[in-house]
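Some notes on the structure that comes next.
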Amino acid sequence: MLTQTTTRVLEPADLGAALAVLESAPVENAFVTARVRVAGLDPWRLGGEMWGWYTEGRLTSLCYSGANLVPICATPEAVRAFAERARRIGRRCSSIVGPAAPTAELWRLLEPSWGPARDVRAHQPLMIAEEPSATVAPDPLVRRVRKDEMDVIMPACVAMFTEEVGVSPMAGDGGLLYQARVAELVSAGRSFARIDDGKVVFKAEIGAATRQACQIQGVWVAPEHRGRGLSETGMAAVLQYALADVAPVVSLYVNDYNAPARAAYRRVGFRETGAFMSVLF
């Protein structure tokens with residue numbers, strides 16, 4: 001019998017128990033759930049380890065440890081155990097991200113050995129929508145990006161990432177991993193854009209998708225077109241696609257200081273239901 005103080009790396013045989021934890025909070029956990037649904041728990045395929053916390057022999061909390069460190073349904077006791085394991089192995093991730101309360105506690109415990117961070121975004125409202133916009137008409141020119149338009153969409157993706165994260169995704173490996181991720185979303189039909197005269201005016205992707213929920217990411221409007229409401233009409237279009245083709249609940253999270261974006265998403269019909277936190281290295 002595993003004790004309350006036990007954490008361990010999960011194995012493929014633990015998939016059912018892990019999915020039960022993940023799907024207990026389908027919106028918050030959409031990113032990790034989508035990865036696990038495709039790759040299982042084998043670390044090589046998953047791109048990292050899944051740590052489990054057991055309470056009286058039952059798996060109750062998880063932590064994904066890969067390019068990101070992500071606490072999942074993590075109780076205070078589980079967070080302390082995950083922090084201890086993370087300290088022992090050293091930092092291998094480029095960010096810590098997850099629901100605000102456990103992520104804040106995880107960072108408090110890890111900061112003495114892992115800090116300083118490049119940026120800490122302590123409150124990123126989590127927003128959801130379950131119906132098409134009732135107030136904003138979808139932009140009819142927003143559509144799925146075609147596979148032969150990779151050279152058109154990539155500059156916009158790089159510009160969005162650099163603006164949002166503060167570093168270029170082309171650093172390190174020359175952008176090979178990032179380009180592969182963009183291509184994956186395009187091939188899956190989850191990359192959307194308005195393209196005028198061969199240039200991207202608006203873009204967004206459905207980055208994670210499960211049967212219960214999906215998550216919009218990478219929302220971007222070309223600087224010369226900002227202030228014209230294109231983020232609202234574009235998001236209304238992507239929301240319509242997502243609800244019709246992907247999942248019954250559509251989510252996103254946004255930096256709390258980005259008041260214009262939060263207001264735009266509210267006008268489209270998204271409502272705030274919680275908060276994430278991100279620690280960037």
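Ordering of the structure tokens sets the chain letters (A, B, ...), residue numbers begin anew at 1 in every chain, and ligands are numbered from 1 in the order given.
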ask   = So which bits of segment 126-281 of chain A end up strand (DSSP E) when you DSSP the backbone, as a ChimeraX atom specification?
value = /A:126-129,143-144,191-196,199-209,214-221,250-253,271-280
query = Using only C-alpha atoms, which residues sit within 12 Å of segment 107-122 of chain A once same-chain residues fewer than 4 positions away are excluded, as a PyMOL selection string?
reply = chain A and resi 69-71+76+79-103+164-167+253-258+275-281
Restrict the selected residues to C-alpha atoms and save them as a compact mmCIF listing (two decimals), in the first residue's frame.
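File result31.txt, as written:
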# COMPACT_ATOMS: atom_id res chain seq x y z
CA LEU A 69 6.45 22.07 -14.73
CA VAL A 70 2.67 21.84 -14.23
CA PRO A 71 0.96 21.04 -10.90
CA PRO A 76 -0.72 21.66 -0.41
CA VAL A 79 2.87 20.65 -3.83
CA ARG A 80 5.47 20.27 -1.06
CA ALA A 81 6.33 16.77 -2.27
CA PHE A 82 6.58 17.88 -5.91
CA ALA A 83 8.78 20.82 -4.91
CA GLU A 84 11.14 18.50 -3.04
CA ARG A 85 11.41 16.18 -6.02
CA ALA A 86 11.97 19.13 -8.37
CA ARG A 87 14.71 20.53 -6.12
CA ARG A 88 16.50 17.19 -6.04
CA ILE A 89 16.66 16.77 -9.82
CA GLY A 90 17.30 20.45 -10.61
CA ARG A 91 15.55 22.72 -13.04
CA ARG A 92 14.97 21.23 -16.49
CA CYS A 93 11.94 23.25 -17.53
CA SER A 94 11.59 26.63 -19.20
CA SER A 95 8.51 27.57 -17.17
CA ILE A 96 6.23 26.66 -14.28
CA VAL A 97 2.59 27.08 -15.21
CA GLY A 98 -0.73 26.02 -13.74
CA PRO A 99 -3.64 27.07 -11.52
CA ALA A 100 -2.56 30.14 -9.57
CA ALA A 101 -2.70 28.91 -5.95
CA PRO A 102 -0.67 25.68 -6.23
CA THR A 103 1.70 27.23 -8.77
CA GLU A 164 4.18 37.55 -25.46
CA VAL A 165 7.09 35.60 -23.96
CA GLY A 166 9.89 38.11 -24.39
CA VAL A 167 12.28 35.82 -26.27
CA TYR A 253 -5.97 32.53 -20.15
CA VAL A 254 -4.68 36.06 -20.41
CA ASN A 255 -2.31 38.32 -18.49
CA ASP A 256 -4.20 40.36 -15.90
CA TYR A 257 -2.43 43.56 -16.96
CA ASN A 258 -3.71 43.17 -20.53
CA ALA A 275 -6.70 32.09 -12.69
CA PHE A 276 -3.43 30.63 -13.86
CA MET A 277 0.11 31.64 -12.98
CA SER A 278 3.26 31.43 -15.08
CA VAL A 279 6.91 31.58 -14.02
CA LEU A 280 9.25 32.06 -16.99
CA PHE A 281 12.97 31.27 -16.95
ask   = Any idea what's packed within 10 Å of Arg146 of chain A, counting only C-alpha atoms, ignoring anything in its chain fewer than 5 positions away? Could you give it as a list in words?
value = Val152, Ile153, Ala183, Val186, Ser187, Gly189, Ser191, Phe192 and Ala193 of chain A
Residues just named, written with N, CA and C atoms as an mmCIF file, in the first residue's frame:
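And here's out-v3.cif as it stands now:
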data_model
loop_
_atom_site.group_PDB
_atom_site.id
_atom_site.type_symbol
_atom_site.label_atom_id
_atom_site.label_comp_id
_atom_site.auth_asym_id
_atom_site.auth_seq_id
_atom_site.Cartn_x
_atom_site.Cartn_y
_atom_site.Cartn_z
ATOM 1 N N VAL A 152 3.472 31.864 -44.742
ATOM 2 C CA VAL A 152 2.687 33.062 -44.445
ATOM 3 C C VAL A 152 2.418 33.179 -42.951
ATOM 4 N N ILE A 153 2.074 32.055 -42.317
ATOM 5 C CA ILE A 153 1.677 32.094 -40.911
ATOM 6 C C ILE A 153 2.873 32.153 -39.960
ATOM 7 N N ALA A 183 3.351 23.693 -37.477
ATOM 8 C CA ALA A 183 2.938 22.809 -38.575
ATOM 9 C C ALA A 183 1.947 21.756 -38.094
ATOM 10 N N VAL A 186 -1.436 23.452 -37.801
ATOM 11 C CA VAL A 186 -1.979 23.704 -39.142
ATOM 12 C C VAL A 186 -2.517 22.409 -39.743
ATOM 13 N N SER A 187 -1.734 21.341 -39.643
ATOM 14 C CA SER A 187 -2.147 20.047 -40.209
ATOM 15 C C SER A 187 -3.406 19.520 -39.536
ATOM 16 N N GLY A 189 -5.830 21.291 -38.476
ATOM 17 C CA GLY A 189 -6.955 22.186 -38.699
ATOM 18 C C GLY A 189 -7.271 23.061 -37.509
ATOM 19 N N SER A 191 -5.337 25.872 -36.638
ATOM 20 C CA SER A 191 -4.711 27.180 -36.807
ATOM 21 C C SER A 191 -5.636 28.030 -37.674
ATOM 22 N N PHE A 192 -5.960 29.243 -37.186
ATOM 23 C CA PHE A 192 -6.928 30.097 -37.860
ATOM 24 C C PHE A 192 -6.320 31.476 -38.097
ATOM 25 N N ALA A 193 -6.695 32.097 -39.207
ATOM 26 C CA ALA A 193 -6.151 33.418 -39.504
ATOM 27 C C ALA A 193 -7.031 34.147 -40.506
#
query = Counting only C-alpha atoms, what is within 10 Å of Val250 of chain A, bar same-chain residues fewer than 5 positions away, as a list of chain:residue names?
reply = A:Val27, A:Met127, A:Ile128, A:Ala129, A:Glu130, A:Glu131, A:Pro132, A:Ile206, A:Ala209, A:Gln212, A:Ala213, A:Cys214, A:Gln215, A:Ile216, A:Val238, A:Leu239, A:Gln240, A:Ala242, A:Leu243, A:Phe270
I need the chosen residues saved as a compact mmCIF listing (two decimals), in the first residue's frame, with C-alpha atoms.
# COMPACT_ATOMS: atom_id res chain seq x y z
CA VAL A 27 -10.84 22.95 -18.40
CA MET A 127 -11.81 32.54 -19.20
CA ILE A 128 -14.35 30.19 -20.76
CA ALA A 129 -17.22 30.31 -23.25
CA GLU A 130 -19.80 27.64 -23.98
CA GLU A 131 -21.87 29.39 -26.66
CA PRO A 132 -21.08 31.37 -29.81
CA ILE A 206 -6.62 25.90 -30.64
CA ALA A 209 -8.12 19.88 -27.38
CA GLN A 212 -14.46 18.04 -22.79
CA ALA A 213 -12.63 21.30 -23.46
CA CYS A 214 -10.20 23.10 -25.72
CA GLN A 215 -7.88 26.04 -25.22
CA ILE A 216 -7.30 28.98 -27.54
CA VAL A 238 -12.49 31.03 -33.77
CA LEU A 239 -14.96 30.46 -30.92
CA GLN A 240 -17.61 29.45 -33.45
CA ALA A 242 -14.11 25.55 -31.79
CA LEU A 243 -17.61 24.94 -30.44
CA PHE A 270 -15.92 34.74 -22.39
task = Identify which of the residues A:Leu41, A:Leu252, A:Ala137, A:Cys157 lies closest to Leu185 of chain A, counting only C-alpha atoms when measuring atom-to-atom distances.
result = A:Cys157
ask   = Got a sec to tell me which of segment 72-226 of chain A DSSP assigns to helix (DSSP H, G or I), as a PyMOL selection string?
value = chain A and resi 76-89+100-114+147-165+171-174+176-187+223-225
key: Nearby residues (only C-alpha atoms) at most 9 Å from segment 8-19 of chain A, same-chain spacing under 2 positions excluded, as a VMD selection string   = chain A and resid 6 21 to 24 33 36 to 37 40 to 43 49 to 54 58 to 62
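For the set A:Ala180, A:Ala247, A:Ala78, A:Val142, the residue with the smallest atom-to-atom gap to Met235 of chain A is A:Val142, counting only C-alpha atoms.
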